[in-house]
$ cat protein_21.csv   # CSV, C-alpha atoms
chain,number,residue,atom,x,y,z
A,150,MET,CA,0.0,0.0,0.0
A,151,GLN,CA,2.9,2.4,0.7
A,152,THR,CA,4.3,1.9,-2.7
A,153,GLY,CA,0.9,2.0,-4.5
A,154,GLN,CA,0.9,-1.6,-5.6
A,155,VAL,CA,-2.5,-1.8,-4.0
A,156,GLN,CA,-4.5,1.3,-3.2
A,157,LEU,CA,-6.6,0.1,-0.3
A,158,GLY,CA,-6.1,-2.4,2.5
A,159,GLU,CA,-6.7,-3.6,6.0
A,160,PHE,CA,-4.4,-4.8,8.8
A,161,LEU,CA,-4.1,-5.4,12.5
A,162,LEU,CA,-2.4,-2.4,14.1
A,163,GLY,CA,-0.8,-4.3,16.9
A,164,ALA,CA,1.0,-6.6,14.4
A,165,HIS,CA,3.3,-3.7,13.4
A,166,GLY,CA,4.6,-2.9,16.8
A,167,ASN,CA,8.2,-3.7,15.7
A,168,GLU,CA,7.8,-0.9,13.1
A,169,ASP,CA,6.6,1.7,15.7
A,170,PRO,CA,5.4,0.9,19.3
A,171,ILE,CA,2.7,3.5,18.9
A,172,TYR,CA,0.8,0.9,16.7
A,173,GLU,CA,0.6,-1.6,19.5
A,174,VAL,CA,-0.8,0.5,22.3
A,175,ASP,CA,-4.3,-1.1,22.1
A,176,TYR,CA,-2.7,-4.5,22.5
A,177,LEU,CA,-1.3,-3.7,25.9
A,178,PRO,CA,-2.9,-6.3,28.2
A,179,PHE,CA,-5.9,-5.1,30.1
A,180,LEU,CA,-5.3,-1.4,29.3
A,181,ALA,CA,-8.8,-1.2,27.8
A,182,THR,CA,-11.2,-4.0,28.6
A,183,THR,CA,-14.7,-2.5,28.3
A,184,TRP,CA,-16.3,-0.8,25.3
A,185,ALA,CA,-16.3,2.5,27.1
A,186,GLN,CA,-12.6,2.2,27.7
A,187,GLY,CA,-12.0,1.1,24.2
A,188,ARG,CA,-13.7,4.3,22.8
A,189,ALA,CA,-11.7,6.4,25.2
A,190,LEU,CA,-8.5,4.8,24.1
A,191,GLY,CA,-9.4,5.4,20.5
A,192,GLN,CA,-9.8,9.1,21.3
A,193,ALA,CA,-6.4,9.1,22.9
A,194,MET,CA,-4.5,7.1,20.3
A,195,GLU,CA,-6.1,7.6,16.9
A,196,PRO,CA,-4.7,11.1,16.1
A,197,ALA,CA,-1.2,10.0,16.7
A,198,VAL,CA,-1.7,6.7,14.7
A,199,ARG,CA,-3.2,8.7,11.8
A,200,ALA,CA,-0.3,11.1,11.8
A,201,ARG,CA,2.2,8.2,11.9
A,202,LEU,CA,0.5,6.5,8.9
A,203,GLU,CA,0.5,9.8,7.0
A,204,ARG,CA,4.3,9.9,7.3
A,205,GLN,CA,4.2,6.5,5.5
A,206,GLY,CA,2.0,7.8,2.7
A,207,LEU,CA,-1.1,6.2,4.1
A,208,THR,CA,-4.5,7.7,5.0
A,209,ALA,CA,-6.4,5.9,7.8
A,210,LEU,CA,-10.1,5.7,6.7
A,211,TYR,CA,-11.4,4.0,9.8
A,212,MET,CA,-10.5,1.8,12.7
A,213,VAL,CA,-12.7,-0.9,14.4
A,214,PRO,CA,-11.8,-3.1,17.3
A,215,TRP,CA,-12.1,-6.9,17.4
A,216,PRO,CA,-14.4,-8.2,20.1
A,217,SER,CA,-12.7,-8.7,23.4
A,218,GLN,CA,-9.9,-11.2,23.3
A,219,GLY,CA,-10.2,-14.4,25.3
A,220,LEU,CA,-7.9,-17.2,26.3
A,221,TYR,CA,-8.3,-20.7,24.6
A,222,SER,CA,-6.8,-23.8,26.0
A,223,ARG,CA,-7.2,-27.6,25.7
A,224,THR,CA,-6.9,-28.0,29.4
A,225,GLU,CA,-8.3,-26.1,32.4
A,226,LEU,CA,-6.3,-23.1,33.5
A,227,ARG,CA,-6.4,-22.3,37.2
A,228,SER,CA,-3.5,-19.9,37.3
A,229,ALA,CA,-1.0,-18.2,35.0
A,230,GLU,CA,1.5,-20.9,36.1
A,231,ASP,CA,-0.6,-23.4,34.1
A,232,LEU,CA,0.6,-21.7,30.9
A,233,LYS,CA,4.2,-22.3,31.7
A,234,GLY,CA,5.8,-24.5,29.1
A,235,SER,CA,2.9,-24.2,26.7
A,236,ARG,CA,3.2,-23.4,23.0
A,237,PHE,CA,1.4,-20.1,22.7
A,238,ARG,CA,0.1,-18.5,19.5
A,239,ALA,CA,1.7,-15.0,19.3
A,240,GLN,CA,0.4,-13.0,16.3
A,241,THR,CA,1.8,-9.7,17.6
A,242,PRO,CA,5.0,-8.6,19.3
A,243,VAL,CA,3.1,-7.9,22.5
A,244,LEU,CA,1.7,-11.4,22.6
A,245,ALA,CA,5.1,-12.9,21.9
A,246,ARG,CA,6.5,-11.0,24.9
A,247,MET,CA,3.6,-12.0,27.0
A,248,ALA,CA,4.3,-15.7,26.1
A,249,GLU,CA,7.9,-15.2,27.2
A,250,LEU,CA,6.9,-13.7,30.5
A,251,LEU,CA,4.5,-16.6,31.1
A,252,GLY,CA,7.3,-19.1,30.5
A,253,ALA,CA,5.6,-20.2,27.3
A,254,THR,CA,7.0,-20.6,23.8
A,255,PRO,CA,5.6,-17.9,21.4
A,256,VAL,CA,4.7,-19.3,17.9
A,257,LEU,CA,3.5,-17.2,15.0
A,258,VAL,CA,0.4,-18.8,13.5
A,259,GLN,CA,-1.9,-17.0,11.1
A,260,ALA,CA,-5.7,-17.3,11.7
A,261,ALA,CA,-6.3,-19.6,8.8
A,262,ASP,CA,-3.7,-22.1,10.2
A,263,ILE,CA,-5.0,-22.2,13.7
A,264,PRO,CA,-6.9,-25.6,13.5
A,265,GLN,CA,-4.0,-27.4,12.0
A,266,ALA,CA,-1.5,-25.8,14.4
A,267,PHE,CA,-3.6,-27.1,17.4
A,268,ALA,CA,-4.1,-30.5,15.8
A,269,THR,CA,-0.4,-31.0,15.2
A,270,GLY,CA,0.8,-29.6,18.6
A,271,ILE,CA,2.4,-26.5,17.1
A,272,ILE,CA,0.3,-24.5,19.6
A,273,ASN,CA,-1.9,-25.5,22.5
A,274,ALA,CA,-3.0,-22.1,23.8
A,275,MET,CA,-3.9,-18.8,22.3
A,276,ILE,CA,-5.5,-15.4,22.9
A,277,THR,CA,-8.1,-14.3,20.3
A,278,SER,CA,-11.7,-13.3,20.0
A,279,ALA,CA,-14.8,-15.5,20.3
A,280,GLN,CA,-15.4,-14.5,16.6
A,281,THR,CA,-12.1,-16.0,15.5
A,282,GLY,CA,-12.9,-19.1,17.6
A,283,VAL,CA,-16.2,-19.6,15.8
A,284,ASP,CA,-14.6,-18.9,12.4
A,285,SER,CA,-11.9,-21.5,13.1
A,286,ALA,CA,-14.3,-24.1,14.7
A,287,ALA,CA,-12.4,-23.9,18.0
A,288,TRP,CA,-14.5,-26.7,19.5
A,289,ASP,CA,-12.6,-29.1,17.2
A,290,TYR,CA,-9.3,-28.4,18.8
A,291,SER,CA,-9.9,-26.6,22.1
A,292,ARG,CA,-12.1,-27.2,25.2
A,293,TYR,CA,-11.9,-24.1,27.3
A,294,PHE,CA,-12.5,-20.4,26.5
A,295,TYR,CA,-11.9,-17.9,29.2
A,296,ASN,CA,-13.3,-14.4,28.5
A,297,ILE,CA,-10.5,-12.5,30.3
A,298,GLY,CA,-11.2,-9.1,28.7
A,299,PHE,CA,-7.7,-9.0,27.4
A,300,THR,CA,-7.8,-6.2,24.8
A,301,LEU,CA,-10.0,-4.4,22.3
A,302,THR,CA,-7.4,-4.3,19.5
A,303,ARG,CA,-8.1,-2.6,16.2
A,304,ASN,CA,-7.9,-3.3,12.6
A,305,VAL,CA,-7.4,-0.2,10.4
A,306,VAL,CA,-8.5,0.3,6.8
A,307,VAL,CA,-6.1,2.6,5.0
A,308,ALA,CA,-5.7,4.1,1.5
A,309,ASN,CA,-2.6,5.1,-0.3
A,310,THR,CA,-2.7,8.8,0.2
A,311,ARG,CA,-1.4,9.7,-3.3
A,312,ALA,CA,-4.1,7.5,-4.9
A,313,LEU,CA,-6.8,8.9,-2.7
A,314,ARG,CA,-5.9,12.5,-3.5
A,315,SER,CA,-5.8,11.7,-7.2
A,316,LEU,CA,-9.6,11.3,-7.1
A,317,ASP,CA,-11.9,14.2,-7.6
A,318,ALA,CA,-13.3,16.0,-4.6
A,319,PRO,CA,-16.8,14.5,-4.6
A,320,THR,CA,-15.4,10.9,-4.8
A,321,GLN,CA,-13.0,11.6,-1.9
A,322,ALA,CA,-15.9,13.0,0.1
A,323,ALA,CA,-18.0,9.9,-0.6
A,324,ILE,CA,-15.2,7.6,0.5
A,325,MET,CA,-14.7,9.5,3.8
A,326,ALA,CA,-18.4,9.5,4.4
A,327,ALA,CA,-18.6,5.8,3.8
A,328,ALA,CA,-15.7,5.4,6.2
A,329,ASP,CA,-17.6,7.3,8.9
A,330,ARG,CA,-20.6,5.0,8.4
A,331,ALA,CA,-18.3,1.9,8.5
A,332,THR,CA,-16.8,3.1,11.8
A,333,THR,CA,-20.3,3.3,13.5
A,334,ARG,CA,-21.5,0.0,12.0
A,335,GLY,CA,-18.2,-1.8,12.8
A,336,TRP,CA,-18.2,-0.8,16.5
A,337,GLU,CA,-21.8,-1.9,16.8
A,338,ALA,CA,-21.2,-5.2,15.0
A,339,SER,CA,-18.1,-6.0,17.1
A,340,GLU,CA,-19.8,-5.4,20.4
A,341,ALA,CA,-22.8,-7.5,19.4
A,342,SER,CA,-20.5,-10.3,18.2
A,343,GLU,CA,-18.9,-10.7,21.6
A,344,GLN,CA,-22.0,-12.3,23.3
A,345,VAL,CA,-23.3,-14.0,20.1
A,346,MET,CA,-20.1,-15.8,19.3
A,347,THR,CA,-19.4,-16.8,22.9
A,348,ALA,CA,-22.9,-18.4,22.9
A,349,ARG,CA,-22.0,-20.3,19.7
A,350,LEU,CA,-18.9,-21.6,21.3
A,351,GLN,CA,-21.0,-22.8,24.3
A,352,ALA,CA,-23.6,-24.4,21.9
A,353,GLN,CA,-20.8,-26.5,20.4
A,354,GLY,CA,-19.8,-27.8,23.8
A,355,MET,CA,-17.0,-25.5,24.8
A,356,LEU,CA,-16.6,-24.7,28.5
A,357,THR,CA,-16.6,-21.0,29.3
A,358,PRO,CA,-15.9,-20.7,33.0
A,359,GLU,CA,-15.2,-17.5,34.9
A,360,PRO,CA,-11.4,-17.1,35.0
A,361,SER,CA,-10.1,-17.6,38.5
A,362,GLU,CA,-8.7,-14.8,40.6
A,363,ALA,CA,-5.3,-16.5,40.5
A,364,LEU,CA,-5.3,-16.6,36.7
A,365,MET,CA,-6.3,-13.0,36.4
A,366,THR,CA,-3.9,-11.8,39.0
A,367,GLY,CA,-1.0,-13.5,37.2
A,368,LEU,CA,-2.1,-12.2,33.8
A,369,ARG,CA,-2.7,-8.6,35.0
A,370,GLY,CA,0.7,-8.6,36.7
A,371,ILE,CA,2.3,-9.4,33.4
A,372,GLY,CA,0.2,-6.7,31.8
A,373,VAL,CA,1.6,-4.1,34.2
A,374,ARG,CA,5.1,-5.1,33.3
A,375,GLN,CA,4.4,-4.9,29.6
A,376,GLU,CA,2.9,-1.4,29.9
A,377,GLU,CA,6.1,-0.3,31.6
A,378,GLU,CA,8.2,-1.8,28.9
A,379,TRP,CA,6.0,-0.2,26.2
A,380,VAL,CA,6.4,3.2,27.7
A,381,ALA,CA,10.2,2.8,27.8
A,382,LYS,CA,10.0,2.1,24.0
A,383,ALA,CA,7.4,4.6,23.1
A,384,GLY,CA,9.0,7.4,25.0
A,385,PRO,CA,7.3,10.8,25.8
A,386,GLU,CA,4.7,10.4,23.0
A,387,GLY,CA,3.6,7.1,24.4
A,388,ARG,CA,3.5,8.3,28.0
A,389,ALA,CA,1.4,11.3,26.9
A,390,MET,CA,-1.0,9.0,25.1
A,391,LEU,CA,-1.6,7.0,28.2
A,392,GLU,CA,-2.1,10.1,30.2
A,393,ARG,CA,-4.7,11.4,27.8
A,394,TYR,CA,-6.4,8.1,27.9
A,395,ARG,CA,-6.6,7.9,31.7
A,396,ALA,CA,-7.7,11.5,31.9
A,397,LEU,CA,-10.7,10.6,29.7
A,398,LEU,CA,-11.7,7.9,32.1
A,399,ARG,CA,-11.9,10.2,35.1
$ encode --input "protein_21.csv" --output "structure tokens"
Amino acid sequence: MQTGQVQLGEFLLGAHGNEDPIYEVDYLPFLATTWAQGRALGQAMEPAVRARLERQGLTALYMVPWPSQGLYSRTELRSAEDLKGSRFRAQTPVLARMAELLGATPVLVQAADIPQAFATGIINAMITSAQTGVDSAAWDYSRYFYNIGFTLTRNVVVANTRALRSLDAPTQAAIMAAADRATTRGWEASEASEQVMTARLQAQGMLTPEPSEALMTGLRGIGVRQEEEWVAKAGPEGRAMLERYRALLR
């Protein structure tokens, strides 16, 4: 998209944290776990993300979060210690680091390859949405789904800026208006998906127990450490972003 080979595309922001840590702020564990918090984080982060994309020759049309990310496992998880030694799907740098802090082995597996990866033992645990769980028929390879409220991480739809600006003004305006409608529709659909898709997992026989206090305490402790590490990488801009976010929650 930067070079204009394609003019329009979509990607997971958090997957590009190695390019710039600003892209992975919404993947920081437990930073934003409710839809109200997700919207506040969007207000705090999106201007900086849009500016960063513009420097790469890309115009962000809209950003929509996935439903809340949950924890999948073949076996019951009573504490974070139970994940030690596991082979953990890590589709972003943040998840790879989390796996390391858990004492697990991070493994990059694309969504389309999840069933085979579980079946062959390449992975035996992962964090992803109930939507992805349904899309990949998680009941065929996993038994437990814990709705831990991990993140509300965004996908962004972008256009090559040069290609966008080459269009006449009415067409550009129509595209931006469509993007505004897609933002509203996307947030509504994502929020609705959370409960509907969890119910589908349950209907297929998956167990969805409340995560234990020990499990959540361990995971949240790792989240605090990862936020500290992220601020060290992101510098003053990252710290200011978190300050803006938390000010919106007051």
$ atom_distance --input "protein_21.csv" --atom1 "CA of Glu195 in chain A" --atom2 "CA of Tyr221 in chain A"
29.4 Å
$ closest_residue --input "protein_21.csv" --among "A:Tyr293, A:Glu378, A:Val174, A:Tyr211" --to "Ala327 in chain A" --atoms "only C-alpha atoms"
A:Tyr211
$ atom_distance --input "protein_21.csv" --atom1 "CA of Leu226 in chain A" --atom2 "CA of Leu364 in chain A"
7.3 Å
$ residues_around --input "protein_21.csv" --residues "Ala260 in chain A" --least-positions-apart "6" --cutoff "9 Å" --atoms "all atoms listed in the file" --output "list in words"
Gln240, Thr281 and Ser285 of chain A
$ closest_residue --input "protein_21.csv" --among "A:Leu313, A:Val307, A:Ala253, A:Leu398" --to "Gly158 in chain A" --atoms "only C-alpha atoms"
A:Val307
$ closest_atom_pairs --input "protein_21.csv" --of "range 219-315 of chain A" --to "range 199-206 of chain A" --cutoff "10 Å" --atoms "only C-alpha atoms" --output "Markdown table"
| residue | atom | partner | partner_atom | distance |
| --- | --- | --- | --- | --- |
| A:Val305 | CA | A:Arg199 | CA | 9.9 |
| A:Val307 | CA | A:Leu202 | CA | 8.6 |
| A:Ala308 | CA | A:Gly206 | CA | 8.6 |
| A:Asn309 | CA | A:Gly206 | CA | 6.1 |
| A:Thr310 | CA | A:Gly206 | CA | 5.4 |
| A:Arg311 | CA | A:Gly206 | CA | 7.2 |
| A:Ala312 | CA | A:Gly206 | CA | 9.7 |
$ atom_distance --input "protein_21.csv" --atom1 "CA of Pro242 in chain A" --atom2 "CA of Glu340 in chain A"
25.0 Å
$ residues_around --input "protein_21.csv" --residues "Asp231 in chain A" --least-positions-apart "6" --cutoff "12 Å" --atoms "all atoms listed in the file" --output "list in words"
Ser222, Arg223, Thr224, Glu225, Leu251, Gly252, Ala253, Asn273, Ala274, Ser361, Ala363, Leu364, Gly367 and Leu368 of chain A
$ closest_residue --input "protein_21.csv" --among "A:Thr347, A:Thr302, A:Gln151, A:Thr269" --to "Ala181 in chain A" --atoms "only C-alpha atoms"
A:Thr302
$ closest_residue --input "protein_21.csv" --among "A:Leu350, A:Val213, A:Ala331, A:Ala268" --to "Gln280 in chain A" --atoms "all atoms listed in the file"
A:Leu350
$ axis_aligned_box --input "protein_21.csv" --around "range 293-298 of chain A" --padding-each-side "4 Å" --output "JSON"
{"center_x": -11.9, "center_y": -16.6, "center_z": 28.4, "size_x": 10.8, "size_y": 23.0, "size_z": 11.8}
$ residues_around --input "protein_21.csv" --residues "range 170-173 of chain A" --least-positions-apart "2" --cutoff "10 Å" --atoms "all atoms listed in the file" --output "compact mmCIF listing (two decimals) with C-alpha atoms, in the coordinates of the input"
# COMPACT_ATOMS: atom_id res chain seq x y z
CA LEU A 161 -4.10 -5.40 12.50
CA LEU A 162 -2.40 -2.40 14.10
CA GLY A 163 -0.80 -4.30 16.90
CA ALA A 164 1.00 -6.60 14.40
CA HIS A 165 3.30 -3.70 13.40
CA GLY A 166 4.60 -2.90 16.80
CA ASN A 167 8.20 -3.70 15.70
CA GLU A 168 7.80 -0.90 13.10
CA ASP A 175 -4.30 -1.10 22.10
CA TYR A 176 -2.70 -4.50 22.50
CA LEU A 177 -1.30 -3.70 25.90
CA MET A 194 -4.50 7.10 20.30
CA GLU A 195 -6.10 7.60 16.90
CA ALA A 197 -1.20 10.00 16.70
CA VAL A 198 -1.70 6.70 14.70
CA ARG A 201 2.20 8.20 11.90
CA LEU A 202 0.50 6.50 8.90
CA THR A 241 1.80 -9.70 17.60
CA PRO A 242 5.00 -8.60 19.30
CA VAL A 243 3.10 -7.90 22.50
CA THR A 302 -7.40 -4.30 19.50
CA ARG A 303 -8.10 -2.60 16.20
CA TRP A 379 6.00 -0.20 26.20
CA VAL A 380 6.40 3.20 27.70
CA ALA A 381 10.20 2.80 27.80
CA LYS A 382 10.00 2.10 24.00
CA ALA A 383 7.40 4.60 23.10
CA GLY A 384 9.00 7.40 25.00
CA GLU A 386 4.70 10.40 23.00
CA GLY A 387 3.60 7.10 24.40
CA MET A 390 -1.00 9.00 25.10
$ residues_around --input "protein_21.csv" --residues "Ala193 in chain A" --least-positions-apart "4" --cutoff "7 Å" --atoms "only C-alpha atoms" --output "PDB file with C-alpha atoms, in the coordinates of the input"
ATOM      1  CA  ALA A 189     -11.700   6.400  25.200  1.00  0.00           C
ATOM      2  CA  MET A 390      -1.000   9.000  25.100  1.00  0.00           C
ATOM      3  CA  ARG A 393      -4.700  11.400  27.800  1.00  0.00           C
ATOM      4  CA  TYR A 394      -6.400   8.100  27.900  1.00  0.00           C
TER       5      TYR A 394
END
$ closest_residue --input "protein_21.csv" --among "A:Ala209, A:Ile271, A:Ala279, A:Ala323" --to "Met355 in chain A" --atoms "all atoms listed in the file"
A:Ala279
$ residues_around --input "protein_21.csv" --residues "Pro178 in chain A" --least-positions-apart "6" --cutoff "6 Å" --atoms "all atoms listed in the file" --output "ChimeraX atom specification"
/A:299-300,372
$ closest_residue --input "protein_21.csv" --among "A:Ile297, A:Ala185, A:Leu316, A:Leu257" --to "Thr366 in chain A" --atoms "all atoms listed in the file"
A:Ile297
